[in-house]
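So this one's upload_20.pdb, PDB, C-alpha atoms, pLDDT in the B column:
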```pdb
ATOM      1  CA  MET A   1    -315.968 102.663 -26.787  1.00 41.00           C
ATOM      2  CA  THR A   2    -312.732 103.851 -25.240  1.00 54.00           C
ATOM      3  CA  HIS A   3    -309.640 101.736 -25.590  1.00 61.00           C
ATOM      4  CA  SER A   4    -307.283 101.381 -22.671  1.00 83.00           C
ATOM      5  CA  PHE A   5    -304.673  99.574 -24.735  1.00 93.00           C
ATOM      6  CA  GLU A   6    -302.338 100.250 -27.634  1.00 94.00           C
ATOM      7  CA  CYS A   7    -301.020  97.970 -30.352  1.00 95.00           C
ATOM      8  CA  PRO A   8    -297.256  97.448 -29.855  1.00 94.00           C
ATOM      9  CA  GLU A   9    -296.704  97.174 -33.614  1.00 95.00           C
ATOM     10  CA  CYS A  10    -298.712 100.046 -35.165  1.00 95.00           C
ATOM     11  CA  GLY A  11    -299.407 102.194 -32.062  1.00 94.00           C
ATOM     12  CA  ASN A  12    -303.151 102.422 -32.693  1.00 95.00           C
ATOM     13  CA  PRO A  13    -305.725 102.113 -29.896  1.00 93.00           C
ATOM     14  CA  ARG A  14    -307.111  98.613 -29.486  1.00 92.00           C
ATOM     15  CA  GLY A  15    -308.967  96.390 -27.092  1.00 90.00           C
ATOM     16  CA  MET A  16    -307.345  93.968 -24.695  1.00 90.00           C
ATOM     17  CA  LEU A  17    -308.735  90.853 -26.395  1.00 89.00           C
ATOM     18  CA  GLY A  18    -308.274  89.715 -29.987  1.00 89.00           C
ATOM     19  CA  GLU A  19    -306.066  91.091 -32.712  1.00 92.00           C
ATOM     20  CA  CYS A  20    -305.435  94.703 -33.691  1.00 93.00           C
ATOM     21  CA  ARG A  21    -308.120  95.878 -36.117  1.00 92.00           C
ATOM     22  CA  GLN A  22    -305.635  98.186 -37.833  1.00 93.00           C
ATOM     23  CA  CYS A  23    -302.658  95.937 -38.547  1.00 95.00           C
ATOM     24  CA  GLY A  24    -303.844  92.459 -37.522  1.00 94.00           C
ATOM     25  CA  SER A  25    -301.127  92.055 -34.884  1.00 95.00           C
ATOM     26  CA  GLU A  26    -301.741  89.341 -32.326  1.00 93.00           C
ATOM     27  CA  GLU A  27    -299.021  90.659 -30.015  1.00 94.00           C
ATOM     28  CA  LEU A  28    -300.147  91.430 -26.467  1.00 93.00           C
ATOM     29  CA  PRO A  29    -301.415  95.027 -26.272  1.00 94.00           C
ATOM     30  CA  LEU A  30    -299.736  97.677 -24.138  1.00 93.00           C
ATOM     31  CA  PRO A  31    -301.944  98.951 -21.280  1.00 91.00           C
ATOM     32  CA  HIS A  32    -302.357 102.710 -20.746  1.00 89.00           C
ATOM     33  CA  SER A  33    -303.001 102.130 -17.036  1.00 89.00           C
ATOM     34  CA  ASP A  34    -302.404  99.418 -14.473  1.00 90.00           C
ATOM     35  CA  THR A  35    -306.121  99.525 -13.569  1.00 92.00           C
ATOM     36  CA  LEU A  36    -308.923  98.138 -15.716  1.00 92.00           C
ATOM     37  CA  VAL A  37    -312.650  98.769 -15.250  1.00 92.00           C
ATOM     38  CA  LEU A  38    -314.783  95.816 -16.374  1.00 94.00           C
ATOM     39  CA  ASN A  39    -318.544  96.272 -16.650  1.00 93.00           C
ATOM     40  CA  LEU A  40    -319.898  92.748 -16.201  1.00 94.00           C
ATOM     41  CA  LYS A  41    -323.475  94.014 -16.634  1.00 91.00           C
ATOM     42  CA  PHE A  42    -322.875  95.210 -20.211  1.00 91.00           C
ATOM     43  CA  ASP A  43    -325.304  93.532 -22.660  1.00 90.00           C
ATOM     44  CA  ASN A  44    -327.272  92.046 -19.733  1.00 90.00           C
ATOM     45  CA  PRO A  45    -325.510  88.647 -19.575  1.00 93.00           C
ATOM     46  CA  SER A  46    -326.555  85.732 -17.395  1.00 93.00           C
ATOM     47  CA  ALA A  47    -324.553  85.284 -14.199  1.00 94.00           C
ATOM     48  CA  GLU A  48    -322.710  82.345 -15.774  1.00 95.00           C
ATOM     49  CA  GLU A  49    -321.823  84.403 -18.874  1.00 96.00           C
ATOM     50  CA  ALA A  50    -320.531  87.216 -16.651  1.00 95.00           C
ATOM     51  CA  LEU A  51    -318.367  84.743 -14.726  1.00 96.00           C
ATOM     52  CA  GLU A  52    -316.939  83.432 -18.003  1.00 96.00           C
ATOM     53  CA  ARG A  53    -316.207  87.017 -19.163  1.00 95.00           C
ATOM     54  CA  LEU A  54    -314.388  87.672 -15.924  1.00 96.00           C
ATOM     55  CA  THR A  55    -312.356  84.465 -16.273  1.00 96.00           C
ATOM     56  CA  ILE A  56    -311.236  85.366 -19.804  1.00 95.00           C
ATOM     57  CA  THR A  57    -310.515  88.986 -18.893  1.00 94.00           C
ATOM     58  CA  LEU A  58    -308.528  88.044 -15.781  1.00 95.00           C
ATOM     59  CA  ARG A  59    -306.357  85.702 -17.825  1.00 93.00           C
ATOM     60  CA  ARG A  60    -305.528  88.384 -20.396  1.00 93.00           C
ATOM     61  CA  ALA A  61    -305.215  91.169 -17.811  1.00 93.00           C
ATOM     62  CA  SER A  62    -302.531  89.254 -15.926  1.00 90.00           C
ATOM     63  CA  GLU A  63    -300.714  88.592 -19.228  1.00 92.00           C
ATOM     64  CA  VAL A  64    -300.568  92.297 -20.173  1.00 93.00           C
ATOM     65  CA  GLY A  65    -299.603  93.591 -16.716  1.00 91.00           C
ATOM     66  CA  VAL A  66    -302.847  94.969 -15.285  1.00 93.00           C
ATOM     67  CA  LYS A  67    -302.479  95.200 -11.496  1.00 94.00           C
ATOM     68  CA  ALA A  68    -306.031  96.084 -10.415  1.00 94.00           C
ATOM     69  CA  MET A  69    -309.541  95.601 -11.769  1.00 95.00           C
ATOM     70  CA  ILE A  70    -312.739  97.343 -10.807  1.00 93.00           C
ATOM     71  CA  LEU A  71    -315.664  95.048 -11.516  1.00 95.00           C
ATOM     72  CA  ILE A  72    -319.045  96.648 -12.110  1.00 92.00           C
ATOM     73  CA  HIS A  73    -321.559  93.880 -11.389  1.00 93.00           C
ATOM     74  CA  GLY A  74    -324.574  95.695 -10.000  1.00 89.00           C
ATOM     75  CA  TYR A  75    -326.324  94.915  -6.756  1.00 84.00           C
ATOM     76  CA  GLY A  76    -329.776  93.789  -7.820  1.00 74.00           C
ATOM     77  CA  ALA A  77    -331.625  97.113  -7.958  1.00 66.00           C
ATOM     78  CA  SER A  78    -333.523  96.034 -11.068  1.00 61.00           C
ATOM     79  CA  GLY A  79    -335.372  93.390  -9.055  1.00 55.00           C
ATOM     80  CA  GLU A  80    -333.275  90.558 -10.503  1.00 55.00           C
ATOM     81  CA  GLY A  81    -331.682  89.847  -7.136  1.00 59.00           C
ATOM     82  CA  GLY A  82    -328.072  90.677  -8.018  1.00 86.00           C
ATOM     83  CA  ARG A  83    -327.243  87.249  -9.467  1.00 92.00           C
ATOM     84  CA  ILE A  84    -324.034  88.462 -11.128  1.00 93.00           C
ATOM     85  CA  LYS A  85    -322.871  90.001  -7.860  1.00 93.00           C
ATOM     86  CA  TRP A  86    -323.523  86.832  -5.878  1.00 93.00           C
ATOM     87  CA  VAL A  87    -321.857  84.547  -8.439  1.00 95.00           C
ATOM     88  CA  ILE A  88    -318.756  86.777  -8.506  1.00 96.00           C
ATOM     89  CA  HIS A  89    -318.636  87.058  -4.702  1.00 95.00           C
ATOM     90  CA  ASP A  90    -319.059  83.292  -4.344  1.00 96.00           C
ATOM     91  CA  ALA A  91    -316.259  82.600  -6.842  1.00 96.00           C
ATOM     92  CA  LEU A  92    -313.905  84.981  -5.026  1.00 96.00           C
ATOM     93  CA  GLU A  93    -314.750  83.685  -1.549  1.00 95.00           C
ATOM     94  CA  ASN A  94    -314.198  80.092  -2.729  1.00 96.00           C
ATOM     95  CA  ASN A  95    -310.792  80.896  -4.276  1.00 93.00           C
ATOM     96  CA  TYR A  96    -311.920  80.265  -7.860  1.00 93.00           C
ATOM     97  CA  PHE A  97    -309.501  82.967  -9.065  1.00 94.00           C
ATOM     98  CA  SER A  98    -306.773  82.447  -6.451  1.00 92.00           C
ATOM     99  CA  ASN A  99    -304.113  81.887  -9.119  1.00 92.00           C
ATOM    100  CA  ARG A 100    -304.641  85.437 -10.430  1.00 94.00           C
ATOM    101  CA  VAL A 101    -306.278  87.492  -7.647  1.00 96.00           C
ATOM    102  CA  ASP A 102    -304.246  88.357  -4.547  1.00 94.00           C
ATOM    103  CA  GLU A 103    -306.947  90.414  -2.822  1.00 94.00           C
ATOM    104  CA  TYR A 104    -310.543  91.395  -3.394  1.00 95.00           C
ATOM    105  CA  HIS A 105    -312.517  94.198  -1.789  1.00 93.00           C
ATOM    106  CA  PHE A 106    -316.304  94.336  -1.980  1.00 93.00           C
ATOM    107  CA  GLY A 107    -317.594  97.845  -2.640  1.00 90.00           C
ATOM    108  CA  GLU A 108    -319.981  97.830   0.294  1.00 89.00           C
ATOM    109  CA  ASN A 109    -316.937  97.432   2.601  1.00 90.00           C
ATOM    110  CA  THR A 110    -314.803 100.058   0.839  1.00 88.00           C
ATOM    111  CA  ALA A 111    -316.732 103.320   1.099  1.00 86.00           C
ATOM    112  CA  PHE A 112    -315.017 106.559   0.119  1.00 86.00           C
ATOM    113  CA  GLY A 113    -313.047 107.926   3.069  1.00 87.00           C
ATOM    114  CA  SER A 114    -313.246 104.722   5.159  1.00 89.00           C
ATOM    115  CA  ASP A 115    -310.198 102.992   6.655  1.00 92.00           C
ATOM    116  CA  PRO A 116    -310.430 100.094   4.138  1.00 90.00           C
ATOM    117  CA  TYR A 117    -310.629 102.656   1.313  1.00 89.00           C
ATOM    118  CA  HIS A 118    -307.443 104.405   2.461  1.00 92.00           C
ATOM    119  CA  ALA A 119    -305.644 101.085   2.968  1.00 92.00           C
ATOM    120  CA  LEU A 120    -306.585 100.082  -0.573  1.00 91.00           C
ATOM    121  CA  LEU A 121    -305.274 103.393  -1.983  1.00 91.00           C
ATOM    122  CA  ARG A 122    -301.994 102.951  -0.114  1.00 92.00           C
ATOM    123  CA  ARG A 123    -301.664  99.508  -1.684  1.00 91.00           C
ATOM    124  CA  ARG A 124    -302.695 100.603  -5.215  1.00 91.00           C
ATOM    125  CA  PRO A 125    -302.520 104.421  -5.643  1.00 90.00           C
ATOM    126  CA  SER A 126    -303.729 104.248  -9.264  1.00 87.00           C
ATOM    127  CA  LEU A 127    -307.234 103.509  -7.958  1.00 89.00           C
ATOM    128  CA  LYS A 128    -307.490 107.169  -6.941  1.00 86.00           C
ATOM    129  CA  ALA A 129    -308.308 107.995 -10.577  1.00 85.00           C
ATOM    130  CA  HIS A 130    -311.464 105.888 -10.195  1.00 82.00           C
ATOM    131  CA  LEU A 131    -312.923 107.584  -7.109  1.00 74.00           C
ATOM    132  CA  LYS A 132    -316.383 107.873  -8.659  1.00 73.00           C
ATOM    133  CA  TYR A 133    -316.918 104.141  -8.150  1.00 74.00           C
ATOM    134  CA  PHE A 134    -316.331 104.300  -4.380  1.00 76.00           C
ATOM    135  CA  LYS A 135    -319.281 106.473  -3.378  1.00 77.00           C
ATOM    136  CA  GLU A 136    -320.819 105.536  -0.030  1.00 76.00           C
ATOM    137  CA  GLY A 137    -319.991 101.839  -0.063  1.00 79.00           C
ATOM    138  CA  ASN A 138    -321.010 100.941  -3.613  1.00 86.00           C
ATOM    139  CA  ALA A 139    -322.434  97.414  -3.349  1.00 87.00           C
ATOM    140  CA  GLY A 140    -322.490  97.167  -7.147  1.00 89.00           C
ATOM    141  CA  MET A 141    -318.715  96.928  -7.548  1.00 91.00           C
ATOM    142  CA  THR A 142    -315.743  94.885  -6.400  1.00 94.00           C
ATOM    143  CA  VAL A 143    -312.022  95.731  -6.576  1.00 94.00           C
ATOM    144  CA  LEU A 144    -309.515  93.009  -7.453  1.00 96.00           C
ATOM    145  CA  LEU A 145    -305.782  93.321  -6.849  1.00 95.00           C
ATOM    146  CA  LEU A 146    -304.045  90.972  -9.229  1.00 94.00           C
ATOM    147  CA  GLY A 147    -301.035  88.891  -8.336  1.00 85.00           C
ATOM    148  CA  SER A 148    -297.567  89.866  -9.458  1.00 57.00           C
ATOM    149  CA  GLN A 149    -296.621  86.256 -10.082  1.00 46.00           C
ATOM    150  CA  ALA A 150    -299.840  85.265 -11.842  1.00 40.00           C
ATOM    151  CA  THR A 151    -299.506  82.223 -14.042  1.00 37.00           C
ATOM    152  CA  VAL A 152    -300.064  82.409 -17.753  1.00 36.00           C
ATOM    153  CA  ALA A 153    -302.549  79.841 -18.998  1.00 31.00           C
TER
END
```
Can you turn what I pasted into C-alpha cells?
Amino acid sequence: MTHSFECPECGNPRGMLGECRQCGSEELPLPHSDTLVLNLKFDNPSAEEALERLTITLRRASEVGVKAMILIHGYGASGEGGRIKWVIHDALENNYFSNRVDEYHFGENTAFGSDPYHALLRRRPSLKAHLKYFKEGNAGMTVLLLGSQATVA
C-alpha cells in the first residue's frame, strides 16, 4: 500500500485516517498531493458501505487540504449492475455532499482530450498526473473538486 500522507511529528509515511503507526500521533497528516485517488471497490463492499467510506474520507480529506478526489467505483462490468456507481451518482446529484464537494464530473462525460477534460485540467492542473483514469470516457470513475471553505465536522 502506498501512503500519500506524512506524519507531521515523526515524518514517516502514514495513511490519511487514524493515528501514525510509528509514533502514535493523532495530528492531521500532511498530504503529498492535493489529489487523492479513492478505490471504493476495494474489498468488494456493498453500495452502502462504499457510500459510508466516501463520507468518512471526504470529511478527512477536506480537513487535511485535499482539493480533488478521483473515485474509482466501477461501472457494473462484473454483472452486478454498478450499484456503487449509481449510489455515488445519486448522492452527488441530490447534493448529499454539497457541504464538501463544489463540483463533480462523471468519467463518462470527461474523456481524455474532450472539452470537459480540458476545462477540468484548467481548473485543477494536478489531475494531469492521473491521466490513466481518463481513458475514453471511463464510466467507472468520478472526479470530485472539493470546496475551499469546506466545513469541519
Which one is closest to Leu127 in chain A: A:Asn12, A:Ser114, A:Thr142, A:Thr35? Count all atoms listed in the file.
A:Thr35
Where does the PyMOL selection byres ((chain A and resi 75) around 7) land in this file, that is, which residues does it pick, as a short mmCIF file (atom, residue, chain, number, x, y, z; two decimals) with C-alpha atoms, in the frame of the given file?
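Result file expr_31.cif:
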```cif
data_model
loop_
_atom_site.label_atom_id
_atom_site.label_comp_id
_atom_site.auth_asym_id
_atom_site.auth_seq_id
_atom_site.Cartn_x
_atom_site.Cartn_y
_atom_site.Cartn_z
CA HIS A 73 -321.56 93.88 -11.39
CA GLY A 74 -324.57 95.70 -10.00
CA GLY A 76 -329.78 93.79 -7.82
CA ALA A 77 -331.62 97.11 -7.96
CA GLY A 82 -328.07 90.68 -8.02
CA LYS A 85 -322.87 90.00 -7.86
CA ALA A 139 -322.43 97.41 -3.35
CA GLY A 140 -322.49 97.17 -7.15
#
```
Between CA of Ala91 in chain A and CA of Ser62 in chain A, what is the distance, to one decimal in Å?
17.8 Å
Find the residues around Arg21 in chain A up to 12 Å (all atoms listed in the file counted), leave out those fewer than 6 positions away in its own chain, and share them as a list of chain:residue names.
A:Glu6, A:Cys7, A:Glu9, A:Cys10, A:Gly11, A:Asn12, A:Pro13, A:Arg14, A:Gly15, A:Pro29
Using all atoms listed in the file, which of the listed residues (A:His32, A:Leu144, A:Glu63, A:Pro8) sits closest to Leu92 in chain A?
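When distances to Leu92 in chain A are compared using all atoms listed in the file, the smallest one comes from A:Leu144.
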Leaving out range 46-59 of chain A and any residue of its chain fewer than 3 positions from it, which residues lie within 6 Å of it when counting all atoms listed in the file, given as a ChimeraX atom specification?
/A:40,62,83-84
I'd like the interatomic distance between CA of Pro116 in chain A and CA of Ser4 in chain A, to a tenth of an Å.
27.0 Å
Take the point (-303.9, 100.2, -7.5) in the file's coordinates, draw a sphere of radius 8 Å around it, and report as a ChimeraX atom specification every protein, DNA or RNA residue with an atom inside or on it, counting only C-alpha atoms.
/A:34-35,67-68,120-121,123-128,145
Please write as a list in words the full residue list that the PyMOL selection byres ((chain A and resi 37) around 7) yields on this file.
Thr35, Leu36, Leu38, Asn39, Met69, Ile70 and Leu71 of chain A
If I put a ball of radius 10 Å at (-306.5, 88.0, -4.4) in the file's coordinates, which residues poke into it when counting all atoms listed in the file, written as a PyMOL selection string?
chain A and resi 92-93+95+97-105+143-147
Extending 8 Å beyond the listed atoms of range 94-98 of chain A on each side, what axis-aligned box results? I want centre and edge lengths in Å to one decimal, as AutoDock Vina command-line options.
```
--center_x -310.5 --center_y 81.5 --center_z -5.9 --size_x 23.4 --size_y 18.9 --size_z 22.3
```
Write range 81-94 of chain A as an mmCIF file, in the frame of the given file, completed to N, CA and C atoms.
```cif
data_model
loop_
_atom_site.group_PDB
_atom_site.id
_atom_site.type_symbol
_atom_site.label_atom_id
_atom_site.label_comp_id
_atom_site.auth_asym_id
_atom_site.auth_seq_id
_atom_site.Cartn_x
_atom_site.Cartn_y
_atom_site.Cartn_z
ATOM 1 N N GLY A 81 -332.291 90.504 -8.282
ATOM 2 C CA GLY A 81 -331.682 89.847 -7.136
ATOM 3 C C GLY A 81 -330.171 89.869 -7.105
ATOM 4 N N GLY A 82 -329.529 90.564 -8.047
ATOM 5 C CA GLY A 82 -328.072 90.677 -8.018
ATOM 6 C C GLY A 82 -327.347 89.376 -8.283
ATOM 7 N N ARG A 83 -327.855 88.567 -9.202
ATOM 8 C CA ARG A 83 -327.243 87.249 -9.467
ATOM 9 C C ARG A 83 -325.777 87.347 -9.876
ATOM 10 N N ILE A 84 -325.438 88.328 -10.713
ATOM 11 C CA ILE A 84 -324.034 88.462 -11.128
ATOM 12 C C ILE A 84 -323.174 88.752 -9.907
ATOM 13 N N LYS A 85 -323.631 89.665 -9.064
ATOM 14 C CA LYS A 85 -322.871 90.001 -7.860
ATOM 15 C C LYS A 85 -322.627 88.752 -7.010
ATOM 16 N N TRP A 86 -323.671 87.979 -6.772
ATOM 17 C CA TRP A 86 -323.523 86.832 -5.878
ATOM 18 C C TRP A 86 -322.648 85.738 -6.477
ATOM 19 N N VAL A 87 -322.720 85.544 -7.794
ATOM 20 C CA VAL A 87 -321.857 84.547 -8.439
ATOM 21 C C VAL A 87 -320.394 84.976 -8.350
ATOM 22 N N ILE A 88 -320.129 86.262 -8.581
ATOM 23 C CA ILE A 88 -318.756 86.777 -8.506
ATOM 24 C C ILE A 88 -318.244 86.699 -7.062
ATOM 25 N N HIS A 89 -319.051 87.129 -6.108
ATOM 26 C CA HIS A 89 -318.636 87.058 -4.702
ATOM 27 C C HIS A 89 -318.364 85.615 -4.292
ATOM 28 N N ASP A 90 -319.232 84.699 -4.683
ATOM 29 C CA ASP A 90 -319.059 83.292 -4.344
ATOM 30 C C ASP A 90 -317.761 82.741 -4.938
ATOM 31 N N ALA A 91 -317.486 83.072 -6.194
ATOM 32 C CA ALA A 91 -316.259 82.600 -6.842
ATOM 33 C C ALA A 91 -315.023 83.132 -6.118
ATOM 34 N N LEU A 92 -315.046 84.401 -5.733
ATOM 35 C CA LEU A 92 -313.905 84.981 -5.026
ATOM 36 C C LEU A 92 -313.730 84.368 -3.641
ATOM 37 N N GLU A 93 -314.830 84.234 -2.905
ATOM 38 C CA GLU A 93 -314.750 83.685 -1.549
ATOM 39 C C GLU A 93 -314.342 82.215 -1.537
ATOM 40 N N ASN A 94 -314.576 81.506 -2.635
ATOM 41 C CA ASN A 94 -314.198 80.092 -2.729
ATOM 42 C C ASN A 94 -312.921 79.885 -3.536
#
```
